$ cat coords.cif   # mmCIF, C-alpha atoms and all ligand atoms
data_query
#
loop_
_atom_site.label_atom_id
_atom_site.label_comp_id
_atom_site.auth_asym_id
_atom_site.auth_seq_id
_atom_site.Cartn_x
_atom_site.Cartn_y
_atom_site.Cartn_z
CA MET B 1 0.53 -0.02 -21.42
CA THR B 2 1.66 -1.22 -17.98
CA ASN B 3 0.29 0.67 -15.01
CA PHE B 4 3.02 0.37 -12.37
CA SER B 5 1.70 -0.29 -8.87
CA PRO B 6 3.75 0.38 -5.73
CA ASN B 7 4.17 -3.38 -5.26
CA MET B 8 5.60 -3.74 -8.75
CA LEU B 9 8.17 -1.02 -8.07
CA LYS B 10 9.01 -2.48 -4.65
CA THR B 11 9.35 -5.99 -6.04
CA PHE B 12 11.73 -4.87 -8.78
CA GLU B 13 13.77 -2.93 -6.23
CA THR B 14 14.04 -6.08 -4.08
CA CYS B 15 14.84 -8.45 -6.94
CA PRO B 16 14.41 -8.03 -10.72
CA GLN B 17 14.11 -11.81 -11.11
CA LYS B 18 11.20 -11.87 -8.66
CA TYR B 19 9.54 -9.11 -10.69
CA LEU B 20 9.97 -11.26 -13.79
CA PHE B 21 8.35 -14.31 -12.13
CA LYS B 22 5.50 -12.35 -10.62
CA TYR B 23 4.56 -9.66 -13.08
CA VAL B 24 5.93 -10.77 -16.46
CA GLN B 25 5.54 -14.56 -16.30
CA LYS B 26 2.59 -14.14 -13.89
CA ILE B 27 3.58 -17.09 -11.68
CA SER B 28 1.89 -16.86 -8.28
CA MET B 29 3.24 -18.86 -5.36
CA PRO B 30 1.35 -19.80 -2.18
CA GLN B 31 2.14 -17.66 0.86
CA LYS B 32 1.40 -18.01 4.57
CA SER B 33 -2.18 -16.90 4.83
CA SER B 34 -3.31 -16.30 8.46
CA HIS B 35 -1.90 -12.78 8.76
CA PHE B 36 -2.98 -11.96 5.22
CA GLU B 37 -6.55 -13.12 5.93
CA LYS B 38 -6.83 -10.93 9.03
CA GLY B 39 -5.72 -7.88 7.05
CA LYS B 40 -8.22 -8.64 4.29
CA LYS B 41 -11.08 -8.96 6.77
CA ILE B 42 -10.32 -5.62 8.47
CA HIS B 43 -9.94 -3.86 5.11
CA ALA B 44 -13.30 -5.20 3.88
CA LEU B 45 -15.03 -4.26 7.13
CA ALA B 46 -13.58 -0.73 7.03
CA ASN B 47 -14.77 -0.28 3.47
CA TYR B 48 -18.36 -1.34 4.28
CA TYR B 49 -18.37 0.80 7.44
CA LEU B 50 -17.16 3.94 5.66
CA ARG B 51 -19.70 3.43 2.88
CA GLY B 52 -22.42 3.40 5.53
CA ASP B 53 -23.38 -0.29 5.26
CA ASP B 54 -24.75 -2.22 8.25
CA ILE B 55 -21.80 -4.26 9.53
CA SER B 56 -23.28 -5.46 12.85
CA LYS B 57 -23.46 -9.11 11.72
CA LEU B 58 -19.93 -9.04 10.34
CA GLU B 59 -18.60 -7.61 13.60
CA THR B 60 -19.94 -10.61 15.54
CA ALA B 61 -17.84 -12.92 13.32
CA LEU B 62 -14.56 -11.31 14.42
CA ASP B 63 -12.31 -13.17 16.87
CA GLU B 64 -10.93 -11.41 19.96
CA ASP B 65 -7.75 -10.21 18.30
CA GLU B 66 -9.58 -8.96 15.19
CA LEU B 67 -12.15 -7.16 17.33
CA LYS B 68 -9.41 -5.31 19.21
CA ILE B 69 -7.80 -4.21 15.96
CA TRP B 70 -11.17 -3.17 14.55
CA GLU B 71 -11.95 -1.08 17.64
CA ASN B 72 -8.54 0.59 17.34
CA LEU B 73 -9.38 1.56 13.78
CA LYS B 74 -12.87 2.84 14.55
CA GLN B 75 -11.48 5.08 17.29
CA ASN B 76 -8.56 6.33 15.25
CA GLU B 77 -8.56 10.13 14.89
CA PHE B 78 -7.89 10.00 11.14
CA PHE B 79 -10.46 7.28 10.45
CA GLN B 80 -13.03 9.58 12.07
CA LYS B 81 -12.37 12.50 9.70
CA THR B 82 -14.75 13.37 6.86
CA TYR B 83 -15.12 10.48 4.43
CA VAL B 84 -14.27 11.11 0.78
CA ALA B 85 -13.82 7.61 -0.70
CA SER B 86 -12.67 4.09 0.16
CA GLU B 87 -11.02 1.35 -1.88
CA TYR B 88 -10.33 4.17 -4.27
CA ASN B 89 -8.42 3.65 -7.54
CA LEU B 90 -6.08 6.44 -8.45
CA SER B 91 -3.47 6.79 -11.20
CA CYS B 92 -1.37 9.46 -12.87
CA LYS B 93 1.30 9.80 -15.52
CA VAL B 94 4.98 10.21 -14.66
CA GLY B 95 7.13 10.74 -17.73
CA GLU B 96 5.97 8.12 -20.23
CA TYR B 97 4.61 5.77 -17.53
CA TRP B 98 1.32 5.31 -15.75
CA ILE B 99 1.52 4.63 -12.01
CA GLY B 100 -1.24 4.06 -9.50
CA GLY B 101 -3.04 1.79 -7.11
CA ARG B 102 -5.96 1.45 -4.77
CA LEU B 103 -6.07 3.55 -1.59
CA ASP B 104 -7.65 2.04 1.53
CA ALA B 105 -9.45 5.32 2.16
CA LEU B 106 -9.34 9.05 1.52
CA VAL B 107 -10.63 11.43 4.19
CA LYS B 108 -10.33 15.17 4.78
CA ASP B 109 -10.63 18.02 7.24
CA GLU B 110 -10.65 21.78 6.64
CA ASN B 111 -6.90 21.85 5.90
CA TYR B 112 -5.84 18.59 4.31
CA TYR B 113 -6.77 15.43 2.47
CA TYR B 114 -5.43 12.26 4.13
CA ILE B 115 -4.68 8.97 2.42
CA LEU B 116 -5.26 6.21 4.98
CA ASP B 117 -3.46 2.90 4.91
CA TYR B 118 -4.44 0.33 7.56
CA LYS B 119 -1.62 -1.91 8.70
CA THR B 120 -2.27 -5.11 10.65
CA GLY B 121 1.40 -5.96 10.15
CA GLN B 122 4.45 -3.72 10.08
CA ILE B 123 4.77 -0.20 8.73
CA PRO B 124 7.54 0.07 6.08
CA LYS B 125 11.02 0.76 7.49
CA ASN B 126 11.49 4.09 5.66
CA PRO B 127 7.87 5.11 5.17
CA GLU B 128 8.69 8.52 3.57
CA TYR B 129 10.48 6.79 0.70
CA ASP B 130 8.37 3.67 0.40
CA PHE B 131 6.97 3.37 -3.12
CA GLN B 132 3.45 3.03 -1.75
CA THR B 133 3.74 6.37 0.05
CA MET B 134 5.35 8.14 -2.91
CA VAL B 135 3.05 6.75 -5.63
CA TYR B 136 -0.18 7.38 -3.71
CA LEU B 137 0.81 10.89 -2.60
CA LEU B 138 1.94 11.86 -6.08
CA CYS B 139 -1.24 10.56 -7.76
CA ALA B 140 -3.49 12.14 -5.13
CA SER B 141 -1.66 15.48 -5.31
CA LYS B 142 -2.33 15.67 -9.05
CA LYS B 143 -6.04 15.31 -8.39
CA PHE B 144 -6.56 17.05 -5.03
CA GLY B 145 -3.62 19.50 -4.78
CA ASN B 146 -0.54 19.53 -2.56
CA ASN B 147 -2.31 19.78 0.80
CA ILE B 148 -2.29 16.08 1.25
CA LYS B 149 -0.77 13.67 3.76
CA PHE B 150 -0.31 9.92 3.94
CA VAL B 151 -1.24 8.18 7.19
CA TYR B 152 -0.10 4.66 8.00
CA ILE B 153 -2.42 3.45 10.75
CA ASP B 154 -0.52 0.85 12.78
CA LEU B 155 -3.42 -1.14 14.22
CA LYS B 156 -1.32 -3.54 16.27
CA ASN B 157 0.47 -0.82 18.24
CA ASN B 158 -2.39 1.67 17.91
CA GLN B 159 -0.31 4.53 16.53
CA ASN B 160 -0.07 6.63 13.36
CA CYS B 161 2.77 7.54 11.05
CA VAL B 162 1.93 10.74 9.15
CA ILE B 163 3.90 11.75 6.04
CA ASP B 164 3.68 15.04 4.13
CA PHE B 165 3.61 15.24 0.35
CA ASP B 166 6.99 16.00 -1.23
CA LYS B 167 7.02 17.22 -4.83
CA ASP B 168 10.40 15.52 -5.39
CA TYR B 169 8.73 12.10 -5.23
CA GLU B 170 8.46 12.04 -9.01
CA LYS B 171 12.23 11.47 -9.49
CA PRO B 172 12.71 8.11 -7.68
CA ILE B 173 9.50 6.77 -9.20
CA LEU B 174 10.60 7.71 -12.71
CA GLU B 175 14.05 6.20 -12.11
CA MET B 176 12.55 2.89 -11.00
CA CYS B 177 10.16 2.76 -13.99
CA ASN B 178 13.13 3.39 -16.33
CA LYS B 179 15.11 0.60 -14.62
CA ILE B 180 12.24 -1.83 -15.17
CA LYS B 181 11.88 -0.81 -18.81
CA ASN B 182 15.61 -1.24 -19.50
CA ALA B 183 16.19 -4.32 -17.32
CA LYS B 184 18.38 -7.14 -18.67
CA PRO B 185 17.71 -10.65 -17.32
CA SER B 186 20.06 -11.55 -14.44
CA VAL B 187 19.74 -13.59 -11.26
CA GLU B 188 21.72 -12.68 -8.16
CA HIS B 189 21.22 -14.93 -5.17
CA SER B 190 21.77 -13.43 -1.75
CA LYS B 191 20.43 -13.50 1.79
CA LYS B 192 17.08 -12.12 0.59
CA CYS B 193 16.45 -15.45 -1.22
CA GLU B 194 15.94 -17.20 2.14
CA PHE B 195 12.56 -15.50 2.52
CA CYS B 196 11.50 -15.51 -1.12
CA GLU B 197 8.40 -17.47 -2.13
CA TYR B 198 10.01 -18.17 -5.53
CA ARG B 199 13.19 -19.79 -4.21
CA LYS B 200 12.05 -23.32 -5.10
CA ILE B 201 11.82 -22.47 -8.78
CA CYS B 202 14.70 -20.01 -8.82
CA ILE B 203 17.58 -21.68 -6.98
S1 LIG A 301 15.05 -16.67 -4.96
FE1 LIG A 301 16.33 -14.84 -4.80
S2 LIG A 301 16.99 -14.38 -6.89
FE2 LIG A 301 15.25 -15.81 -7.01
S3 LIG A 301 13.47 -14.52 -7.23
FE3 LIG A 301 13.70 -14.91 -5.09
S4 LIG A 301 14.91 -13.22 -4.27
FE4 LIG A 301 15.11 -13.22 -6.48
#
$ encode --input "coords.cif" --output "structure tokens" --more "lines below"
Ligand code: SF4
Amino acid sequence: MTNFSPNMLKTFETCPQKYLFKYVQKISMPQKSSHFEKGKKIHALANYYLRGDDISKLETALDEDELKIWENLKQNEFFQKTYVASEYNLSCKVGEYWIGGRLDALVKDENYYYILDYKTGQIPKNPEYDFQTMVYLLCASKKFGNNIKFVYIDLKNNQNCVIDFDKDYEKPILEMCNKIKNAKPSVEHSKKCEFCEYRKICI
């Protein structure tokens, strides 16, 4: 049975044809990598650091920009809370579907659990209703209770976006899973196609 990740739900919302290419036909297209690589490096470093590994050698391999971002993360008030887990897989059932994904980190204090998501790029435009926020909060709430928050850590601008759990998150997730299940093939080209990595095989 398919386990729907936030990216799968987001991709279908953006374009059902793109979902078909990516997740049904499993065609992967090359994407610009420099920004992606930086994000991967910081995520890996954070994971080792939180697990208690010695990262001193890895830190010396960071360039100036990466080092600044890494320092921002290390000093972040949420990153400094009590460690629970990192690169943590979580899933839950919504209706007949399984949803889930991998959290960057889970930390806690005496009042709340916090799902951390490190962003070297942009935070989603409507973070409260982004599928990543909703899926992770819903899955985590089923395991850890409703005292849970999602924190986007914007490493470029050194600021946080904190979102509370909302029990109504189940509805939009279920609706999107139903849409995917009942989708009929159709291609609608629009402005979004300009930035799509599949445009060469689609248009
Ligand atoms: S080119 Fe346009 S229609 Fe085709 S997959 Fe991309 S966004 Fe969808």
$ residues_near_ligand --input "coords.cif" --ligand "ligand LIG 301 (chain A)" --cutoff "7 Å" --atoms "all atoms listed in the file" --output "ChimeraX atom specification"
/B:15-18,187-190,192-193,196-199,202-203
$ atom_distance --input "coords.cif" --atom1 "CA of Val24 (chain B)" --atom2 "CA of Lys184 (chain B)"
13.2 Å
$ residues_around --input "coords.cif" --residues "region 63-78 of chain B" --least-positions-apart "6" --cutoff "10 Å" --atoms "only C-alpha atoms" --output "list in words"
Lys38, Gly39, Lys41, Ile42, His43, Leu45, Ala46, Tyr49, Leu50, Leu106, Val107, Lys108, Asp109, Tyr114, Ile115, Leu116, Tyr118, Lys119, Thr120, Val151, Tyr152, Ile153, Asp154, Leu155, Lys156, Asn157, Asn158, Gln159 and Asn160 of chain B
$ atom_distance --input "coords.cif" --atom1 "CA of Ala105 (chain B)" --atom2 "CA of Pro127 (chain B)"
17.6 Å
$ closest_residue --input "coords.cif" --among "B:Gln25, B:Thr133, B:Ser56, B:Asn111" --to "Pro172 (chain B)" --atoms "only C-alpha atoms"
B:Thr133
$ atom_distance --input "coords.cif" --atom1 "CA of Pro124 (chain B)" --atom2 "CA of Ser5 (chain B)"
16.1 Å
$ residues_around --input "coords.cif" --residues "Tyr129 (chain B)" --least-positions-apart "5" --cutoff "12 Å" --atoms "all atoms listed in the file" --output "number ranges by chain"
B: 6, 9-10, 124, 134-137, 150, 163-166, 168-173
$ closest_residue --input "coords.cif" --among "B:Phe4, B:Tyr48, B:Phe144, B:Tyr113" --to "Ser86 (chain B)" --atoms "all atoms listed in the file"
B:Tyr48
$ closest_residue --input "coords.cif" --among "B:Lys191, B:Lys57, B:Lys181, B:Lys26" --to "Phe12 (chain B)" --atoms "all atoms listed in the file"
B:Lys181
$ closest_residue --input "coords.cif" --among "B:Glu194, B:Asp53, B:Lys200, B:Pro185" --to "Tyr19 (chain B)" --atoms "only C-alpha atoms"
B:Pro185
$ residues_near_point --input "coords.cif" --point "(-13.7, 3.8, -0.5)" --cutoff "7 Å" --atoms "all atoms listed in the file" --output "VMD selection string"
chain B and resid 47 51 85 to 88 104 to 105
$ closest_residue --input "coords.cif" --among "B:Thr82, B:Asn126, B:Leu62, B:Lys167" --to "Asn147 (chain B)" --atoms "all atoms listed in the file"
B:Lys167
$ closest_residue --input "coords.cif" --among "B:Ile148, B:Cys161, B:Ala140, B:Ile201" --to "Leu103 (chain B)" --atoms "all atoms listed in the file"
B:Ala140
$ residues_around --input "coords.cif" --residues "Tyr97 (chain B)" --least-positions-apart "2" --cutoff "8 Å" --atoms "all atoms listed in the file" --output "ChimeraX atom specification"
/B:2-4,93-95,99,174,177
